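Next comes target_35.csv, with CSV, C-alpha atoms.
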chain,number,residue,atom,x,y,z
G,1,PRO,CA,18.2,-4.3,-42.5
G,2,PRO,CA,18.7,-0.9,-44.2
G,3,VAL,CA,17.7,2.2,-42.3
G,4,PRO,CA,14.4,3.4,-43.5
G,5,THR,CA,14.6,6.8,-45.3
G,6,ASN,CA,10.8,7.3,-45.6
G,7,SER,CA,9.3,8.6,-42.4
G,8,SER,CA,5.7,8.7,-43.8
G,9,SER,CA,4.9,5.4,-42.0
G,10,THR,CA,5.6,7.0,-38.6
G,11,PRO,CA,2.3,7.9,-37.0
G,12,ARG,CA,1.9,11.6,-36.4
G,13,LEU,CA,1.3,12.7,-32.9
G,14,LEU,CA,-1.3,15.5,-33.1
G,15,ALA,CA,-1.4,18.2,-30.5
G,16,ARG,CA,-4.0,20.9,-30.1
G,17,ASN,CA,-3.6,24.0,-28.1
G,18,VAL,CA,-6.5,25.6,-26.1
G,19,HIS,CA,-6.3,28.8,-24.1
G,20,CYS,CA,-8.6,29.7,-21.2
G,21,ASP,CA,-8.6,31.4,-17.8
G,22,VAL,CA,-9.2,28.4,-15.6
G,23,VAL,CA,-8.5,24.6,-16.1
G,24,VAL,CA,-10.5,22.2,-13.8
G,25,ILE,CA,-9.2,18.7,-13.7
G,26,GLY,CA,-12.0,16.4,-12.7
G,27,ALA,CA,-15.7,16.6,-13.4
G,28,GLY,CA,-17.0,15.2,-10.1
G,29,GLU,CA,-19.0,17.1,-7.5
G,30,SER,CA,-16.1,19.3,-6.4
G,31,GLY,CA,-14.8,19.8,-9.9
G,32,GLN,CA,-18.2,20.9,-11.2
G,33,ALA,CA,-18.7,23.3,-8.3
G,34,ALA,CA,-15.3,24.9,-8.9
G,35,ALA,CA,-16.0,25.2,-12.6
G,36,ASP,CA,-19.4,26.7,-12.0
G,37,GLU,CA,-18.0,29.2,-9.5
G,38,ALA,CA,-15.3,30.3,-12.1
G,39,ARG,CA,-17.9,30.6,-14.9
G,40,VAL,CA,-20.2,32.8,-12.6
G,41,ALA,CA,-17.2,35.0,-12.1
G,42,GLY,CA,-16.9,35.4,-15.9
G,43,LYS,CA,-13.9,33.1,-16.4
G,44,ARG,CA,-13.3,31.0,-19.5
G,45,VAL,CA,-13.2,27.4,-18.1
G,46,VAL,CA,-12.0,24.2,-19.6
G,47,THR,CA,-12.9,21.0,-17.7
G,48,LEU,CA,-10.8,17.8,-18.2
G,49,ASP,CA,-11.9,14.4,-17.0
G,50,ALA,CA,-10.5,11.0,-17.8
G,51,GLY,CA,-13.9,9.5,-17.8
G,52,LEU,CA,-14.9,11.8,-20.6
G,53,GLY,CA,-11.9,11.0,-22.7
G,54,GLN,CA,-9.5,13.8,-21.6
G,55,GLU,CA,-6.9,12.3,-19.2
G,56,ALA,CA,-4.7,15.0,-17.7
G,57,ILE,CA,-1.2,13.6,-17.4
G,58,GLY,CA,0.9,16.6,-16.4
G,59,ILE,CA,1.0,20.1,-15.1
G,60,TYR,CA,3.9,22.3,-16.3
G,61,ALA,CA,5.1,25.9,-15.9
G,62,GLY,CA,2.9,28.4,-17.5
G,63,PRO,CA,0.7,26.9,-16.2
G,64,LEU,CA,0.2,24.3,-18.9
G,65,VAL,CA,-1.9,21.2,-18.5
G,66,VAL,CA,-1.3,18.3,-20.9
G,67,ALA,CA,-4.0,15.8,-21.5
G,68,ARG,CA,-4.3,12.7,-23.6
G,69,THR,CA,-7.4,12.3,-25.8
G,70,ASP,CA,-8.5,9.9,-28.5
G,71,GLU,CA,-7.7,12.6,-31.1
G,72,GLY,CA,-4.2,13.2,-29.8
G,73,MET,CA,-2.6,15.4,-27.1
G,74,LEU,CA,-4.4,18.4,-25.8
G,75,GLN,CA,-2.4,21.3,-24.3
G,76,VAL,CA,-4.4,23.7,-22.2
G,77,HIS,CA,-2.9,27.0,-21.4
G,78,ALA,CA,-4.5,28.5,-18.2
G,79,LYS,CA,-4.1,32.3,-17.9
G,80,GLU,CA,-5.1,32.3,-14.2
G,81,GLU,CA,-5.5,29.0,-12.4
G,82,VAL,CA,-5.4,25.2,-12.5
G,83,ILE,CA,-7.8,23.5,-10.1
G,84,VAL,CA,-7.2,19.9,-9.3
G,85,ALA,CA,-10.4,18.0,-8.4
G,86,THR,CA,-9.3,14.4,-8.9
G,87,GLY,CA,-10.9,13.1,-5.7
G,88,ALA,CA,-9.5,10.3,-3.5
G,89,ALA,CA,-9.1,6.5,-3.7
G,90,GLU,CA,-10.2,4.0,-1.1
G,91,ILE,CA,-7.3,2.4,0.7
G,92,GLN,CA,-6.8,-1.2,-0.1
G,93,PRO,CA,-6.0,-3.8,2.6
G,94,VAL,CA,-2.4,-5.1,3.0
G,95,ALA,CA,-2.6,-8.7,4.3
G,96,PRO,CA,-1.8,-12.2,3.2
G,97,SER,CA,-4.2,-13.4,0.4
G,98,ASN,CA,-5.5,-9.9,-0.3
G,99,LEU,CA,-5.9,-10.9,-4.0
G,100,LEU,CA,-8.8,-13.3,-3.3
G,101,ALA,CA,-12.1,-12.7,-5.0
G,102,GLY,CA,-14.7,-11.3,-2.6
G,103,LEU,CA,-12.6,-8.5,-1.1
G,104,VAL,CA,-14.1,-5.2,-1.9
G,105,THR,CA,-14.0,-1.6,-0.8
G,106,THR,CA,-17.0,0.1,0.8
G,107,ARG,CA,-17.9,2.0,-2.4
G,108,ALA,CA,-17.6,-1.2,-4.5
G,109,ALA,CA,-19.9,-3.1,-2.1
G,110,THR,CA,-22.5,-0.5,-2.4
G,111,GLN,CA,-22.3,-0.4,-6.2
G,112,LEU,CA,-22.4,-4.2,-6.5
G,113,VAL,CA,-25.5,-4.5,-4.3
G,114,GLN,CA,-27.2,-1.6,-6.2
G,115,ALA,CA,-26.5,-3.6,-9.4
G,116,GLY,CA,-28.2,-6.6,-8.0
G,117,VAL,CA,-25.1,-8.7,-7.1
G,118,ASP,CA,-25.6,-11.0,-4.1
G,119,LEU,CA,-22.6,-10.7,-1.9
G,120,GLY,CA,-23.7,-13.3,0.6
G,121,ARG,CA,-22.4,-13.0,4.1
G,122,ILE,CA,-20.6,-9.7,4.5
G,123,VAL,CA,-18.0,-8.8,7.1
G,124,ALA,CA,-17.3,-5.1,7.2
G,125,ILE,CA,-13.9,-4.0,8.4
G,126,GLY,CA,-13.8,-0.3,9.3
G,127,THR,CA,-16.6,1.9,8.0
G,128,PRO,CA,-19.5,-0.4,6.8
G,129,PRO,CA,-21.3,0.2,3.4
G,130,ALA,CA,-24.4,2.3,4.0
G,131,GLY,CA,-27.7,0.5,3.7
G,132,ILE,CA,-26.2,-3.0,3.5
G,133,GLU,CA,-26.6,-5.7,6.1
G,134,ALA,CA,-23.1,-6.7,7.3
G,135,GLN,CA,-21.3,-7.9,10.4
G,136,VAL,CA,-19.2,-4.9,11.5
G,137,VAL,CA,-15.8,-5.9,12.9
G,138,ALA,CA,-13.2,-3.6,14.5
G,139,GLY,CA,-9.5,-4.5,14.7
G,140,GLN,CA,-6.4,-5.3,12.7
G,141,VAL,CA,-6.7,-7.8,9.8
G,142,VAL,CA,-4.3,-10.6,10.5
G,143,ARG,CA,-5.0,-12.7,7.5
G,144,ILE,CA,-7.6,-13.5,4.9
G,145,GLU,CA,-8.5,-17.2,4.4
G,146,GLY,CA,-9.7,-18.8,1.2
G,147,GLN,CA,-8.7,-21.1,-1.7
G,148,ASP,CA,-5.8,-19.1,-2.9
G,149,GLN,CA,-3.9,-21.0,-5.6
G,150,GLY,CA,-0.8,-18.8,-5.2
G,151,ASP,CA,-1.6,-16.5,-8.1
G,152,GLY,CA,-4.5,-14.6,-6.6
G,153,GLU,CA,-7.1,-17.1,-7.9
G,154,GLY,CA,-9.7,-18.2,-5.4
G,155,LYS,CA,-12.5,-16.9,-3.2
G,156,VAL,CA,-12.5,-15.6,0.3
G,157,SER,CA,-14.0,-17.8,3.0
G,158,ALA,CA,-13.0,-16.1,6.2
G,159,VAL,CA,-11.1,-13.2,7.7
G,160,VAL,CA,-9.1,-13.2,11.0
G,161,VAL,CA,-9.0,-10.0,13.0
G,162,SER,CA,-7.0,-9.1,16.1
G,163,ASP,CA,-8.4,-6.7,18.7
G,164,THR,CA,-6.4,-4.2,20.7
G,165,GLU,CA,-5.4,-6.8,23.2
G,166,GLY,CA,-4.1,-9.2,20.6
G,167,ASN,CA,-7.0,-11.6,20.7
G,168,GLN,CA,-7.7,-13.1,17.3
G,169,THR,CA,-11.2,-13.9,16.0
G,170,ARG,CA,-12.1,-15.8,12.8
G,171,TYR,CA,-15.2,-14.6,10.9
G,172,GLU,CA,-16.6,-16.8,8.1
G,173,CYS,CA,-17.9,-14.9,5.2
G,174,ASP,CA,-18.5,-14.7,1.4
G,175,THR,CA,-17.4,-11.0,1.1
G,176,VAL,CA,-15.2,-8.7,3.1
G,177,SER,CA,-15.9,-5.0,2.8
G,178,PHE,CA,-13.0,-2.7,3.7
G,179,GLY,CA,-13.7,0.9,4.8
G,180,LEU,CA,-10.2,1.9,5.7
G,181,GLY,CA,-10.4,5.5,4.6
G,182,LEU,CA,-9.3,7.5,1.7
G,183,HIS,CA,-6.0,8.6,0.1
G,184,PRO,CA,-6.1,11.7,-2.2
G,185,ARG,CA,-5.4,11.3,-5.9
G,186,ASP,CA,-3.0,14.2,-5.7
G,187,ALA,CA,-0.2,13.3,-8.1
G,188,LEU,CA,-1.0,16.2,-10.3
G,189,ARG,CA,-1.3,18.6,-7.4
G,190,ARG,CA,2.1,17.5,-6.2
G,191,GLN,CA,3.5,18.0,-9.7
G,192,GLY,CA,2.4,21.6,-9.5
G,193,HIS,CA,3.1,22.2,-5.8
G,194,ASP,CA,5.6,25.0,-6.5
G,195,MET,CA,3.2,26.9,-8.8
G,196,PRO,CA,0.9,29.5,-7.0
G,197,GLN,CA,-1.7,29.1,-9.8
G,198,VAL,CA,-2.3,25.4,-8.9
G,199,ARG,CA,-4.6,24.3,-6.1
G,200,ALA,CA,-6.7,21.3,-5.1
G,201,VAL,CA,-10.3,21.1,-4.0
G,202,GLY,CA,-12.5,18.5,-2.5
G,203,ASN,CA,-11.0,15.1,-1.6
G,204,ALA,CA,-8.0,15.8,-3.7
G,205,ALA,CA,-7.0,18.4,-1.0
G,206,ARG,CA,-7.7,16.1,2.0
G,207,GLU,CA,-5.1,14.5,4.2
G,208,SER,CA,-4.5,10.8,3.6
G,209,ASP,CA,-5.9,8.3,6.1
G,210,ILE,CA,-2.9,6.0,5.6
G,211,PRO,CA,-1.1,5.9,8.9
G,212,PRO,CA,2.5,7.1,9.1
G,213,CYS,CA,5.3,4.5,9.1
G,214,PRO,CA,6.2,3.4,12.6
What would you get if you wrote out this structure as structure tokens?
Amino acid sequence: PPVPTNSSSTPRLLARNVHCDVVVIGAGESGQAAADEARVAGKRVVTLDAGLGQEAIGIYAGPLVVARTDEGMLQVHAKEEVIVATGAAEIQPVAPSNLLAGLVTTRAATQLVQAGVDLGRIVAIGTPPAGIEAQVVAGQVVRIEGQDQGDGEGKVSAVVVSDTEGNQTRYECDTVSFGLGLHPRDALRRQGHDMPQVRAVGNAARESDIPPCP
């Protein structure tokens, strides 16, 4: 086909520039605290949060923070500082059949119960969900049993755990709650690691609970 000569059909990518003293990425507890502290000090603050429709996707020299919004790209120029308060993610289990339904993290278990979802018999590996009745088990997950169809479909029915001496125990259950620790959501902080104006606060600044490779 002929090469089009009219570019009017090409969607325009709108970009808006905003200038401030401090950019805070993340509107959680630590992000709000950092923003409040900066405002008390008389700073002009811009807060970005993906949950509010402003997803920060990059930190560049300047410093410049680029965010994606429904209206287009937002380019925030920080005169003094970029504060990364993106929190941390719960560590997911790595074991055969870990795609079965009924495998949840500690936070998810708490939220589901608070929403009125019946999780049935719960086995908690690691830190148990607060305020929820569960059989707490310590050890290494060997495998997760259930009706796995090979594509992740199915429901958990039991979990097999090995203790420090290698003894394996099978626990029947309807739900397995995993409290294996946290890993910081620090991709943006690492992107700006060589910029003195970029720092992380809260769980985004914590060390990962993922053990080192043997």
Open item on the list: Which residue is closest to Gly126 in chain G? Choose from G:Ile25, G:Ala35, G:Val141, G:Leu180 and count only C-alpha atoms.
Closed with: G:Leu180
- [ ] For Ala204 in chain G, please output as a list in words all residues within 12 Å (counting all atoms listed in the file; exclusion window: fewer than 6 positions along the same chain).
- [x] Ile25, Gly26, Gly28, Glu29, Ser30, Gly31, Ile83, Val84, Ala85, Thr86, Gly87, Ala88, Ala89, Leu182, His183, Pro184, Arg185, Asp186, Ala187, Leu188, Arg189 and Arg190 of chain G
Using C-alpha atoms, can you export the residues from the last selection as a compact mmCIF listing (two decimals), in the frame of the given file?
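As written to disk, selection19.txt reads:
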# COMPACT_ATOMS: atom_id res chain seq x y z
CA ILE G 25 -9.20 18.70 -13.70
CA GLY G 26 -12.00 16.40 -12.70
CA GLY G 28 -17.00 15.20 -10.10
CA GLU G 29 -19.00 17.10 -7.50
CA SER G 30 -16.10 19.30 -6.40
CA GLY G 31 -14.80 19.80 -9.90
CA ILE G 83 -7.80 23.50 -10.10
CA VAL G 84 -7.20 19.90 -9.30
CA ALA G 85 -10.40 18.00 -8.40
CA THR G 86 -9.30 14.40 -8.90
CA GLY G 87 -10.90 13.10 -5.70
CA ALA G 88 -9.50 10.30 -3.50
CA ALA G 89 -9.10 6.50 -3.70
CA LEU G 182 -9.30 7.50 1.70
CA HIS G 183 -6.00 8.60 0.10
CA PRO G 184 -6.10 11.70 -2.20
CA ARG G 185 -5.40 11.30 -5.90
CA ASP G 186 -3.00 14.20 -5.70
CA ALA G 187 -0.20 13.30 -8.10
CA LEU G 188 -1.00 16.20 -10.30
CA ARG G 189 -1.30 18.60 -7.40
CA ARG G 190 2.10 17.50 -6.20
Task: Residue neighbourhood Ala124 in chain G, 7 Å, only C-alpha atoms, exclusion window fewer than 6 positions, as a list in words - done: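 What passes the distance filter is Ala134, Gln135, Val136, Val137, Val176, Ser177 and Phe178 of chain G.
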Open item on the list: Measuring between all atoms listed in the file, which one of G:Gly202, G:Gly181, G:Gly102, G:Gly192 shows the shortest distance to Val65 in chain G?
Closed with: G:Gly192
- [ ] Within 8 Å of Ala95 in chain G, counting only C-alpha atoms, which residues show up once you throw out same-chain ones fewer than 4 positions away? Write them as a list in words, please.
- [x]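 Neighbouring residues, sequence-local ones excluded: Val141, Val142, Arg143 and Ile144 of chain G.
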Would you put the residues from that selection into a file with C-alpha atoms, as a short mmCIF file (atom, residue, chain, number, x, y, z; two decimals), keeping the file's coordinate frame?
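For reference, out-v4.cif as written:
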data_model
loop_
_atom_site.label_atom_id
_atom_site.label_comp_id
_atom_site.auth_asym_id
_atom_site.auth_seq_id
_atom_site.Cartn_x
_atom_site.Cartn_y
_atom_site.Cartn_z
CA VAL G 141 -6.70 -7.80 9.80
CA VAL G 142 -4.30 -10.60 10.50
CA ARG G 143 -5.00 -12.70 7.50
CA ILE G 144 -7.60 -13.50 4.90
#
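Residue nearest Val82 in chain G, chosen from G:Cys173, G:Ala115, G:Ile122, G:Met195 and counting only C-alpha atoms: G:Met195.
Excluding Lys79 in chain G itself and any same-chain residue fewer than 6 positions from it, the protein and nucleic acid residues within 8 Å of it, counting only C-alpha atoms, are His19, Cys20, Asp21, Val22 and Pro63 of chain G.
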Next, the residues of the selection above should be written as an mmCIF file, in the coordinates of the input with C-alpha atoms.
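Below is the file that was written, result03.cif:
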data_model
loop_
_atom_site.group_PDB
_atom_site.id
_atom_site.type_symbol
_atom_site.label_atom_id
_atom_site.label_comp_id
_atom_site.auth_asym_id
_atom_site.auth_seq_id
_atom_site.Cartn_x
_atom_site.Cartn_y
_atom_site.Cartn_z
ATOM 1 C CA HIS G 19 -6.300 28.800 -24.100
ATOM 2 C CA CYS G 20 -8.600 29.700 -21.200
ATOM 3 C CA ASP G 21 -8.600 31.400 -17.800
ATOM 4 C CA VAL G 22 -9.200 28.400 -15.600
ATOM 5 C CA PRO G 63 0.700 26.900 -16.200
#
